[in-house]
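Student: Would you mind keeping the following structure in view while I ask a few things?
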Amino acid sequence: MEEPVQSIEDAPKLQVARVTPTIPFPVGKTVVHEIKKNLSQIQMSEWSPIIVDYTKLHKHYLKLSKIRLTSLVVATTMAGYALAPAPFDIYTFAMCSLGTGLVSAAANAINQFFEVPFDAQMSRTKNRVLVRGHLTSAQAVAFAAVSSIIGLSMLYYEVNSVTAALGATNLVLYTLIYTPMKRVSIVNTWVGSVVGAIPPLMGWAGCTGSIMMPGALIISGILYAWQFPHFNALSWNLRPDYSRAGYRMMAVTNPDLCRKTTMRYTVALTGLCYLAPVLDVTNWWFALATTPLNVSFLYLAWKFSEHSDSANSRKLFRFSLLHLPLLMMLMLTSKKYWSNTKKQEDKLVSHNEQETNLGTVLTTIAPATSSV
């Protein structure tokens, strides 16, 4: 069957209006050239040179040293020195504190130098001085070199070799082990806790010249244990940042372990506070006075481990900032060496009297012996 064919004449006539293309901008021969020129201008603005404001240089260097963290390091060093059972020397105390502060500033500067590309990806660190270009990399390295040389020299020549060795060890541990390990393994948290436990040992060694004493181990153990609830609570709310930058933090890769270690080390910290008077580092008043403080810390750690939300982690973190200085103050006021000063003076007087009596007896016997 043939299909019916419709001729053109039979189709309805359509009137097509003239179409005039409308272009919102004039087309010229230089359009491609103009676009390329604009793109090059954008690229040039993104790669603008670093301009250092020398009027704010001291502020930038303080930020490079992480002055708040450095102040905490110096404070724990001072506490270690003050707690040591040896005479307090103001000059050695000042040199130990200043030298430790300079070494800490150097370590923080090197840490920021290595982590510029990762800090730029985190909301918490994207405004650091090296990321923003307030300081050049060369200035950061020079600052770290000068601070570490002066700080370690001060500790070695003005304090003692043990303190200087501890400072050098901590510098290497923080910059060359802890910093790169943050992107490799969650073991970085344990290494970082060792770094935080060394400054009070430096203070103790600065006063006594040794760290092989129960008191030194107690105070460094307290600092070591304290850092787990402190840092785990901090890192919990920063998990998106750490994930974005590629950091292997416990709160990111193993949240369950993060909760468990928070509780375990808070319990260990409480136990160390009760062990301090047993080892004659403090009197028993310290154990009694720290009980409410540690019970509160344990309660917040337990709440975080049971319900790990942003509210509980924030409460635990904020309380940890209050807990440590209060604990150090109570430890200083309950120091066993100070509480037994009167007894020690009495023993010293008694010992001197015995030596005097013995000398009198010998003086009396000597002529008699010579006459015989």
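Chains: A, B, ... in order of the structure tokens. Residues: from 1 per chain. Ligands: from 1, in order shown.
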Run DSSP on the backbone and give me the residues of segment 65-263 of chain A it puts in alpha helix (DSSP H), as a PyMOL selection string.

Tutor: chain A and resi 67-83+90-114+116-119+129-132+137-154+161-172+179-181+188-208+214-236+239-245+250-253+255-263

Student: Using only C-alpha atoms, which of the listed residues (A:Tyr61, A:Trp285, A:Tyr274, A:Phe297) sits closest to His134 of chain A?

Tutor: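 Under the stated criterion, the closest residue is A:Tyr61.
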
Student: Please determine, counting only C-alpha atoms, which residue among A:Leu98, A:Leu223, A:Val195, A:Ala138 has the shortest atom-to-atom distance to Met154 of chain A.

Tutor: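 Closest residue, counting only C-alpha atoms: A:Leu98.
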
Student: Point out the residue among A:Leu57, A:Val103, A:Leu234, A:Val146 with the least atom-to-atom distance to Arg124 of chain A, counting only C-alpha atoms.

Tutor: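 Among the listed residues, the smallest separation from Arg124 of chain A belongs to A:Leu234.
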